[in-house]
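Shown here: final26.cif, mmCIF, C-alpha atoms.
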data_input
loop_
_atom_site.group_PDB
_atom_site.id
_atom_site.type_symbol
_atom_site.label_atom_id
_atom_site.label_comp_id
_atom_site.auth_asym_id
_atom_site.auth_seq_id
_atom_site.Cartn_x
_atom_site.Cartn_y
_atom_site.Cartn_z
ATOM 1 C CA SER A 1 11.943 2.167 -4.529
ATOM 2 C CA LYS A 2 13.394 5.599 -3.744
ATOM 3 C CA TRP A 3 12.156 7.439 -6.816
ATOM 4 C CA GLN A 4 8.421 7.945 -6.319
ATOM 5 C CA TRP A 5 6.022 6.760 -3.642
ATOM 6 C CA HIS A 6 2.234 6.841 -3.680
ATOM 7 C CA VAL A 7 0.496 7.017 -0.294
ATOM 8 C CA ASP A 8 -3.205 6.737 0.455
ATOM 9 C CA GLU A 9 -5.618 5.543 3.097
ATOM 10 C CA VAL A 10 -8.750 3.476 2.681
ATOM 11 C CA PHE A 11 -11.444 2.875 5.267
ATOM 12 C CA VAL A 12 -12.160 -0.636 6.481
ATOM 13 C CA LYS A 13 -15.040 -1.659 8.735
ATOM 14 C CA ILE A 14 -14.108 -3.903 11.639
ATOM 15 C CA ASN A 15 -17.104 -4.942 13.745
ATOM 16 C CA GLY A 16 -19.068 -1.937 12.532
ATOM 17 C CA GLU A 17 -16.350 0.620 13.376
ATOM 18 C CA HIS A 18 -14.348 2.527 10.798
ATOM 19 C CA HIS A 19 -10.610 1.891 10.759
ATOM 20 C CA TYR A 20 -8.117 3.114 8.208
ATOM 21 C CA LEU A 21 -5.601 1.131 6.210
ATOM 22 C CA TRP A 22 -2.703 3.386 5.201
ATOM 23 C CA GLN A 23 -0.888 1.967 2.209
ATOM 24 C CA ALA A 24 2.247 3.032 0.354
ATOM 25 C CA ILE A 25 3.496 1.709 -2.971
ATOM 26 C CA ASP A 26 6.419 2.627 -5.188
ATOM 27 C CA HIS A 27 6.305 3.744 -8.814
ATOM 28 C CA GLU A 28 6.287 0.123 -10.040
ATOM 29 C CA GLY A 29 3.279 -0.869 -7.928
ATOM 30 C CA GLU A 30 5.107 -2.852 -5.232
ATOM 31 C CA VAL A 31 3.605 -2.469 -1.779
ATOM 32 C CA LEU A 32 6.091 -0.835 0.576
ATOM 33 C CA GLU A 33 4.148 -0.470 3.796
ATOM 34 C CA ASN A 34 0.708 -1.086 5.318
ATOM 35 C CA VAL A 35 -0.467 0.315 8.636
ATOM 36 C CA VAL A 36 -3.894 -0.006 10.250
ATOM 37 C CA THR A 37 -5.056 2.823 12.535
ATOM 38 C CA LYS A 38 -8.263 3.859 14.250
ATOM 39 C CA ARG A 39 -7.948 7.499 13.274
ATOM 40 C CA ARG A 40 -7.211 9.421 10.123
ATOM 41 C CA ASN A 41 -5.022 12.285 11.307
ATOM 42 C CA LYS A 42 -1.467 13.615 11.392
ATOM 43 C CA ARG A 43 -0.421 11.233 14.150
ATOM 44 C CA ALA A 44 -1.586 8.252 12.088
ATOM 45 C CA ALA A 45 0.338 9.527 9.067
ATOM 46 C CA LEU A 46 3.416 9.954 11.258
ATOM 47 C CA LYS A 47 3.062 6.325 12.291
ATOM 48 C CA MET A 48 3.858 5.198 8.749
ATOM 49 C CA LEU A 49 6.005 7.842 7.018
ATOM 50 C CA PRO A 50 9.104 7.875 9.291
ATOM 51 C CA LYS A 51 9.202 4.067 9.336
ATOM 52 C CA MET A 52 9.179 4.007 5.554
ATOM 53 C CA MET A 53 11.891 6.650 5.280
ATOM 54 C CA ARG A 54 14.117 4.722 7.677
ATOM 55 C CA ARG A 55 13.612 1.496 5.749
ATOM 56 C CA TYR A 56 13.726 2.723 2.144
ATOM 57 C CA GLY A 57 15.390 6.140 2.277
ATOM 58 C CA ARG A 58 13.891 9.453 1.292
ATOM 59 C CA PRO A 59 11.860 9.491 -1.948
ATOM 60 C CA GLU A 60 12.218 12.148 -4.600
ATOM 61 C CA VAL A 61 8.444 12.564 -4.929
ATOM 62 C CA LEU A 62 5.644 11.568 -2.560
ATOM 63 C CA VAL A 63 2.307 11.459 -4.396
ATOM 64 C CA THR A 64 -0.731 11.884 -2.139
ATOM 65 C CA ASP A 65 -4.257 13.147 -2.314
ATOM 66 C CA ARG A 66 -5.062 16.576 -0.897
ATOM 67 C CA PHE A 67 -5.728 15.264 2.615
ATOM 68 C CA PRO A 68 -4.238 17.858 5.047
ATOM 69 C CA SER A 69 -2.717 15.269 7.391
ATOM 70 C CA TYR A 70 -0.057 14.402 4.824
ATOM 71 C CA ARG A 71 1.081 18.004 4.538
ATOM 72 C CA ALA A 72 1.194 18.386 8.341
ATOM 73 C CA ALA A 73 3.106 15.116 8.814
ATOM 74 C CA LEU A 74 5.597 15.956 6.072
ATOM 75 C CA ARG A 75 6.092 19.416 7.576
ATOM 76 C CA ASP A 76 6.992 17.772 10.907
ATOM 77 C CA LEU A 77 9.467 15.506 9.106
ATOM 78 C CA GLY A 78 10.969 18.441 7.192
ATOM 79 C CA CYS A 79 9.955 16.983 3.844
ATOM 80 C CA ASP A 80 7.089 19.236 2.804
ATOM 81 C CA ASP A 81 8.783 19.920 -0.553
ATOM 82 C CA LEU A 82 8.336 16.245 -1.574
ATOM 83 C CA GLN A 83 4.543 16.187 -1.755
ATOM 84 C CA ALA A 84 2.872 16.151 -5.154
ATOM 85 C CA CYS A 85 -0.907 16.410 -5.484
ATOM 86 C CA GLY A 86 -2.787 16.344 -8.718
ATOM 87 C CA ARG A 87 -6.020 15.276 -10.269
ATOM 88 C CA TRP A 88 -4.892 11.912 -11.651
ATOM 89 C CA LEU A 89 -1.497 11.497 -10.005
ATOM 90 C CA ASN A 90 -2.812 9.204 -7.285
ATOM 91 C CA ASN A 91 -4.523 6.693 -9.602
ATOM 92 C CA ARG A 92 -1.811 4.058 -9.078
ATOM 93 C CA ILE A 93 -2.461 3.817 -5.335
ATOM 94 C CA GLU A 94 -6.237 3.989 -5.743
ATOM 95 C CA ASN A 95 -6.078 0.991 -8.091
ATOM 96 C CA SER A 96 -3.788 -0.888 -5.702
ATOM 97 C CA HIS A 97 -6.659 -1.073 -3.192
ATOM 98 C CA LEU A 98 -8.644 -3.302 -5.567
ATOM 99 C CA PRO A 99 -6.903 -6.654 -4.845
ATOM 100 C CA PHE A 100 -7.253 -5.964 -1.115
ATOM 101 C CA ARG A 101 -10.970 -5.208 -1.487
ATOM 102 C CA ARG A 102 -11.445 -8.394 -3.504
ATOM 103 C CA ARG A 103 -9.830 -10.519 -0.763
ATOM 104 C CA GLU A 104 -11.719 -8.634 1.958
ATOM 105 C CA ARG A 105 -15.028 -9.444 0.277
ATOM 106 C CA ALA A 106 -14.051 -13.112 -0.084
ATOM 107 C CA MET A 107 -13.077 -13.292 3.589
ATOM 108 C CA GLN A 108 -16.387 -11.674 4.622
ATOM 109 C CA ARG A 109 -14.766 -8.720 6.401
ATOM 110 C CA PHE A 110 -12.401 -8.659 9.373
ATOM 111 C CA ARG A 111 -13.153 -9.158 13.040
ATOM 112 C CA ARG A 112 -10.121 -7.589 14.730
ATOM 113 C CA MET A 113 -7.635 -4.841 13.914
ATOM 114 C CA ARG A 114 -4.700 -7.134 14.635
ATOM 115 C CA SER A 115 -5.900 -9.818 12.214
ATOM 116 C CA LEU A 116 -6.308 -7.149 9.534
ATOM 117 C CA GLN A 117 -2.715 -5.955 10.073
ATOM 118 C CA LYS A 118 -1.383 -9.525 9.844
ATOM 119 C CA PHE A 119 -3.451 -10.267 6.751
ATOM 120 C CA VAL A 120 -2.307 -7.112 4.971
ATOM 121 C CA ALA A 121 1.360 -7.848 5.717
ATOM 122 C CA VAL A 122 1.105 -11.342 4.252
ATOM 123 C CA HIS A 123 -1.116 -10.275 1.356
ATOM 124 C CA SER A 124 1.281 -7.519 0.272
ATOM 125 C CA SER A 125 4.333 -9.812 0.302
ATOM 126 C CA VAL A 126 2.498 -12.432 -1.771
ATOM 127 C CA PHE A 127 1.183 -9.757 -4.115
ATOM 128 C CA ASN A 128 4.691 -8.304 -4.586
ATOM 129 C CA HIS A 129 6.052 -11.774 -5.343
ATOM 130 C CA PHE A 130 3.568 -12.477 -8.141
ATOM 131 C CA ASN A 131 2.964 -8.954 -9.456
ATOM 132 C CA GLN A 132 4.535 -8.723 -12.900
ATOM 133 C CA GLY A 133 4.809 -5.585 -14.968
ATOM 134 C CA ARG A 134 3.126 -7.226 -17.943
ATOM 135 C CA THR A 135 3.328 -4.132 -20.115
ATOM 136 C CA LEU A 136 7.065 -3.834 -19.507
ATOM 137 C CA SER A 137 8.120 -7.193 -20.935
ATOM 138 C CA PRO A 138 7.160 -9.522 -23.796
ATOM 139 C CA ARG A 139 4.692 -12.333 -23.179
ATOM 140 C CA ASP A 140 7.224 -15.187 -23.175
ATOM 141 C CA ILE A 141 9.477 -13.465 -20.626
ATOM 142 C CA CYS A 142 6.472 -12.638 -18.449
ATOM 143 C CA LYS A 143 5.398 -16.297 -18.512
ATOM 144 C CA LEU A 144 8.933 -17.421 -17.546
ATOM 145 C CA ASN A 145 8.983 -14.966 -14.644
ATOM 146 C CA ARG A 146 5.564 -16.132 -13.469
ATOM 147 C CA THR A 147 6.526 -19.826 -13.555
ATOM 148 C CA ALA A 148 9.774 -19.052 -11.694
ATOM 149 C CA ALA A 149 7.828 -17.143 -9.039
ATOM 150 C CA LEU A 150 5.331 -19.996 -8.738
ATOM 151 C CA ALA A 151 8.109 -22.595 -8.436
ATOM 152 C CA GLU A 152 9.780 -20.530 -5.719
ATOM 153 C CA TRP A 153 6.458 -20.122 -3.925
ATOM 154 C CA ARG A 154 5.820 -23.881 -4.048
ATOM 155 C CA SER A 155 9.297 -24.610 -2.680
ATOM 156 C CA LEU A 156 8.679 -22.187 0.188
ATOM 157 C CA GLY A 157 5.320 -23.801 0.892
ATOM 158 C CA ALA A 158 6.811 -27.312 0.884
ATOM 159 C CA ALA A 159 9.448 -26.409 3.487
#

Could you render the structure from this file as structure tokens?
Amino acid sequence: SKWQWHVDEVFVKINGEHHYLWQAIDHEGEVLENVVTKRRNKRAALKMLPKMMRRYGRPEVLVTDRFPSYRAALRDLGCDDLQACGRWLNNRIENSHLPFRRRERAMQRFRRMRSLQKFVAVHSSVFNHFNQGRTLSPRDICKLNRTAALAEWRSLGAA
């Protein structure tokens, strides 16, 4: 998880007010961190980035969009040489918002910021558990991995 990180924010409406879900994934698509904030500024970016660097170490590349708060936050951390911005570089993180949006629609939105933060923490751990790199392995191995993950999940749910 130290090679390349993708970081992005997505707006979420909670009781008619805009909040922002900051999400970070690694190069394999596993969710590293989720943080919900009311604002979309340097301070909000600094809420997530140092925590990630303490937990996972410093990445070699940090892929972001061209939002200026990332550059300012990375400058404060002394890591402004890590940022990579490009036209299609951030597609992996943009596509990682889709499962969250699907669940959000099914749940008929969120009522409180705290419930959103709890939901995102649980959702990302479940997603990481079942997310298989289907293109990286043959079909039979992928099916074995999926059944093993499901068996482990059922044993955790039975306890």

Give me the residues near segment 87-91 of chain A as number ranges by chain, where near means some atom within 7 Å (using only C-alpha atoms) and where sequence neighbours in that chain fewer than 6 positions away do not count. A: 6, 63-65

On this structure, the PyMOL selection byres ((chain A and resi 21) around 7) would catch which residues? List them as a ChimeraX atom specification, sorted by chain and number. /A:9-12,19-20,22-23,34-37

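Atom pair atom CA of Ile14 of chain A / atom CA of Phe110 of chain A: separated by 5.5 Å.
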
Tell me which residues the PyMOL selection byres ((chain A and resi 42) around 8) grabs here, as a PyMOL selection string. chain A and resi 40-41+43-46+69-70+72-73

Please, could you write that set of residues out with C-alpha atoms as a PDB file, in the frame of the given file?
ATOM      1  CA  ARG A  40      -7.211   9.421  10.123  1.00  0.00           C
ATOM      2  CA  ASN A  41      -5.022  12.285  11.307  1.00  0.00           C
ATOM      3  CA  ARG A  43      -0.421  11.233  14.150  1.00  0.00           C
ATOM      4  CA  ALA A  44      -1.586   8.252  12.088  1.00  0.00           C
ATOM      5  CA  ALA A  45       0.338   9.527   9.067  1.00  0.00           C
ATOM      6  CA  LEU A  46       3.416   9.954  11.258  1.00  0.00           C
ATOM      7  CA  SER A  69      -2.717  15.269   7.391  1.00  0.00           C
ATOM      8  CA  TYR A  70      -0.057  14.402   4.824  1.00  0.00           C
ATOM      9  CA  ALA A  72       1.194  18.386   8.341  1.00  0.00           C
ATOM     10  CA  ALA A  73       3.106  15.116   8.814  1.00  0.00           C
TER      11      ALA A  73
END

Point out the residue among A:Pro99, A:Glu104, A:Ala158, A:Met48 with the least atom-to-atom distance to Leu77 of chain A, counting all atoms listed in the file. A:Met48

Let me know the centre plus edge lengths, in Å and rounded to one decimal, of a box with edges along x, y and z that contains all listed atoms of segment 104-119 of chain A and is padded by 8 Å on every side, as JSON.
{"center_x": -8.9, "center_y": -9.1, "center_z": 7.3, "size_x": 31.0, "size_y": 24.5, "size_z": 30.8}

Point-to-point distance from atom CA of Lys13 of chain A to atom CA of Ala121 of chain A, Å rounded to tenths: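 Result for atom CA of Lys13 of chain A versus atom CA of Ala121 of chain A: 17.8 Å, one decimal.
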
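Between atom CA of Glu94 of chain A and atom CA of Val61 of chain A lies a distance of 17.0 Å.
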
Counting all atoms listed in the file, the option among A:Arg71, A:His18, A:His123, A:Arg39 closest to Arg111 of chain A: A:His18

Would you mind telling me which residue in A:Ser124, A:Asn145, A:Asn131, A:Gln4 lies nearest to Pro59 of chain A when using all atoms listed in the file? A:Gln4

Could you spell out the hits of the PyMOL selection byres ((chain A and resi 30) around 12) on the shown file, as a ChimeraX atom specification? /A:1-2,4-7,23-29,31-34,92-93,96,123-133

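Minimum distance to Pro50 of chain A across A:Asp76, A:Asp81, A:Glu17, A:Glu152 (counting all atoms listed in the file) occurs at A:Asp76.
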
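Distances here use only C-alpha atoms; by that measure, the residue among A:Lys38, A:Arg112, A:His97, A:Arg58 closest to Asp8 of chain A is A:His97.
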
Can you sort out segment 115-126 of chain A so it carries all heavy atoms, written as a JSON list (two decimals), in the frame of the given file?
[["chain", "number", "residue", "atom", "x", "y", "z"],
["A", 115, "SER", "N", -5.83, -8.84, 13.30],
["A", 115, "SER", "CA", -5.90, -9.82, 12.21],
["A", 115, "SER", "C", -5.83, -9.12, 10.86],
["A", 115, "SER", "O", -5.26, -9.66, 9.91],
["A", 115, "SER", "CB", -7.16, -10.66, 12.33],
["A", 115, "SER", "OG", -8.31, -9.87, 12.17],
["A", 116, "LEU", "N", -6.41, -7.92, 10.77],
["A", 116, "LEU", "CA", -6.31, -7.15, 9.53],
["A", 116, "LEU", "C", -4.86, -6.78, 9.24],
["A", 116, "LEU", "O", -4.39, -6.93, 8.11],
["A", 116, "LEU", "CB", -7.16, -5.89, 9.62],
["A", 116, "LEU", "CG", -7.00, -4.88, 8.49],
["A", 116, "LEU", "CD1", -7.37, -5.48, 7.15],
["A", 116, "LEU", "CD2", -7.82, -3.63, 8.76],
["A", 117, "GLN", "N", -4.12, -6.33, 10.27],
["A", 117, "GLN", "CA", -2.72, -5.96, 10.07],
["A", 117, "GLN", "C", -1.89, -7.16, 9.64],
["A", 117, "GLN", "O", -1.06, -7.05, 8.72],
["A", 117, "GLN", "CB", -2.14, -5.36, 11.36],
["A", 117, "GLN", "CG", -0.72, -4.89, 11.25],
["A", 117, "GLN", "CD", -0.57, -3.67, 10.36],
["A", 117, "GLN", "OE1", -1.23, -2.66, 10.56],
["A", 117, "GLN", "NE2", 0.29, -3.75, 9.37],
["A", 118, "LYS", "N", -2.12, -8.31, 10.23],
["A", 118, "LYS", "CA", -1.38, -9.52, 9.84],
["A", 118, "LYS", "C", -1.73, -9.94, 8.42],
["A", 118, "LYS", "O", -0.86, -10.30, 7.63],
["A", 118, "LYS", "CB", -1.70, -10.67, 10.79],
["A", 118, "LYS", "CG", -1.02, -10.58, 12.13],
["A", 118, "LYS", "CD", -1.36, -11.77, 12.98],
["A", 118, "LYS", "CE", -0.71, -11.67, 14.33],
["A", 118, "LYS", "NZ", -1.04, -12.82, 15.19],
["A", 119, "PHE", "N", -3.03, -9.89, 8.09],
["A", 119, "PHE", "CA", -3.45, -10.27, 6.75],
["A", 119, "PHE", "C", -2.83, -9.36, 5.71],
["A", 119, "PHE", "O", -2.33, -9.83, 4.68],
["A", 119, "PHE", "CB", -4.98, -10.22, 6.63],
["A", 119, "PHE", "CG", -5.44, -10.28, 5.21],
["A", 119, "PHE", "CD1", -5.43, -11.48, 4.53],
["A", 119, "PHE", "CD2", -5.84, -9.14, 4.54],
["A", 119, "PHE", "CE1", -5.84, -11.54, 3.21],
["A", 119, "PHE", "CE2", -6.24, -9.20, 3.23],
["A", 119, "PHE", "CZ", -6.24, -10.40, 2.56],
["A", 120, "VAL", "N", -2.83, -8.07, 5.95],
["A", 120, "VAL", "CA", -2.31, -7.11, 4.97],
["A", 120, "VAL", "C", -0.81, -7.31, 4.77],
["A", 120, "VAL", "O", -0.31, -7.21, 3.65],
["A", 120, "VAL", "CB", -2.65, -5.67, 5.41],
["A", 120, "VAL", "CG1", -1.92, -4.66, 4.58],
["A", 120, "VAL", "CG2", -4.13, -5.44, 5.32],
["A", 121, "ALA", "N", -0.08, -7.61, 5.84],
["A", 121, "ALA", "CA", 1.36, -7.85, 5.72],
["A", 121, "ALA", "C", 1.64, -9.06, 4.83],
["A", 121, "ALA", "O", 2.48, -9.01, 3.93],
["A", 121, "ALA", "CB", 1.97, -8.04, 7.10],
["A", 122, "VAL", "N", 0.90, -10.13, 5.05],
["A", 122, "VAL", "CA", 1.10, -11.34, 4.25],
["A", 122, "VAL", "C", 0.62, -11.12, 2.82],
["A", 122, "VAL", "O", 1.29, -11.49, 1.86],
["A", 122, "VAL", "CB", 0.39, -12.54, 4.90],
["A", 122, "VAL", "CG1", 0.39, -13.75, 3.99],
["A", 122, "VAL", "CG2", 1.03, -12.87, 6.23],
["A", 123, "HIS", "N", -0.53, -10.50, 2.68],
["A", 123, "HIS", "CA", -1.12, -10.28, 1.36],
["A", 123, "HIS", "C", -0.19, -9.43, 0.49],
["A", 123, "HIS", "O", 0.00, -9.71, -0.69],
["A", 123, "HIS", "CB", -2.48, -9.60, 1.50],
["A", 123, "HIS", "CG", -3.18, -9.39, 0.20],
["A", 123, "HIS", "ND1", -3.09, -8.21, -0.49],
["A", 123, "HIS", "CD2", -3.97, -10.20, -0.54],
["A", 123, "HIS", "CE1", -3.80, -8.30, -1.60],
["A", 123, "HIS", "NE2", -4.35, -9.50, -1.65],
["A", 124, "SER", "N", 0.41, -8.39, 1.07],
["A", 124, "SER", "CA", 1.28, -7.52, 0.27],
["A", 124, "SER", "C", 2.56, -8.24, -0.16],
["A", 124, "SER", "O", 3.03, -8.04, -1.28],
["A", 124, "SER", "CB", 1.62, -6.25, 1.05],
["A", 124, "SER", "OG", 2.35, -6.56, 2.20],
["A", 125, "SER", "N", 3.12, -9.10, 0.71],
["A", 125, "SER", "CA", 4.33, -9.81, 0.30],
["A", 125, "SER", "C", 4.03, -10.81, -0.80],
["A", 125, "SER", "O", 4.82, -10.97, -1.74],
["A", 125, "SER", "CB", 4.98, -10.50, 1.50],
["A", 125, "SER", "OG", 4.13, -11.48, 2.02],
["A", 126, "VAL", "N", 2.89, -11.49, -0.72],
["A", 126, "VAL", "CA", 2.50, -12.43, -1.77],
["A", 126, "VAL", "C", 2.21, -11.67, -3.06],
["A", 126, "VAL", "O", 2.62, -12.07, -4.15],
["A", 126, "VAL", "CB", 1.28, -13.27, -1.33],
["A", 126, "VAL", "CG1", 0.73, -14.09, -2.48],
["A", 126, "VAL", "CG2", 1.66, -14.17, -0.17]]
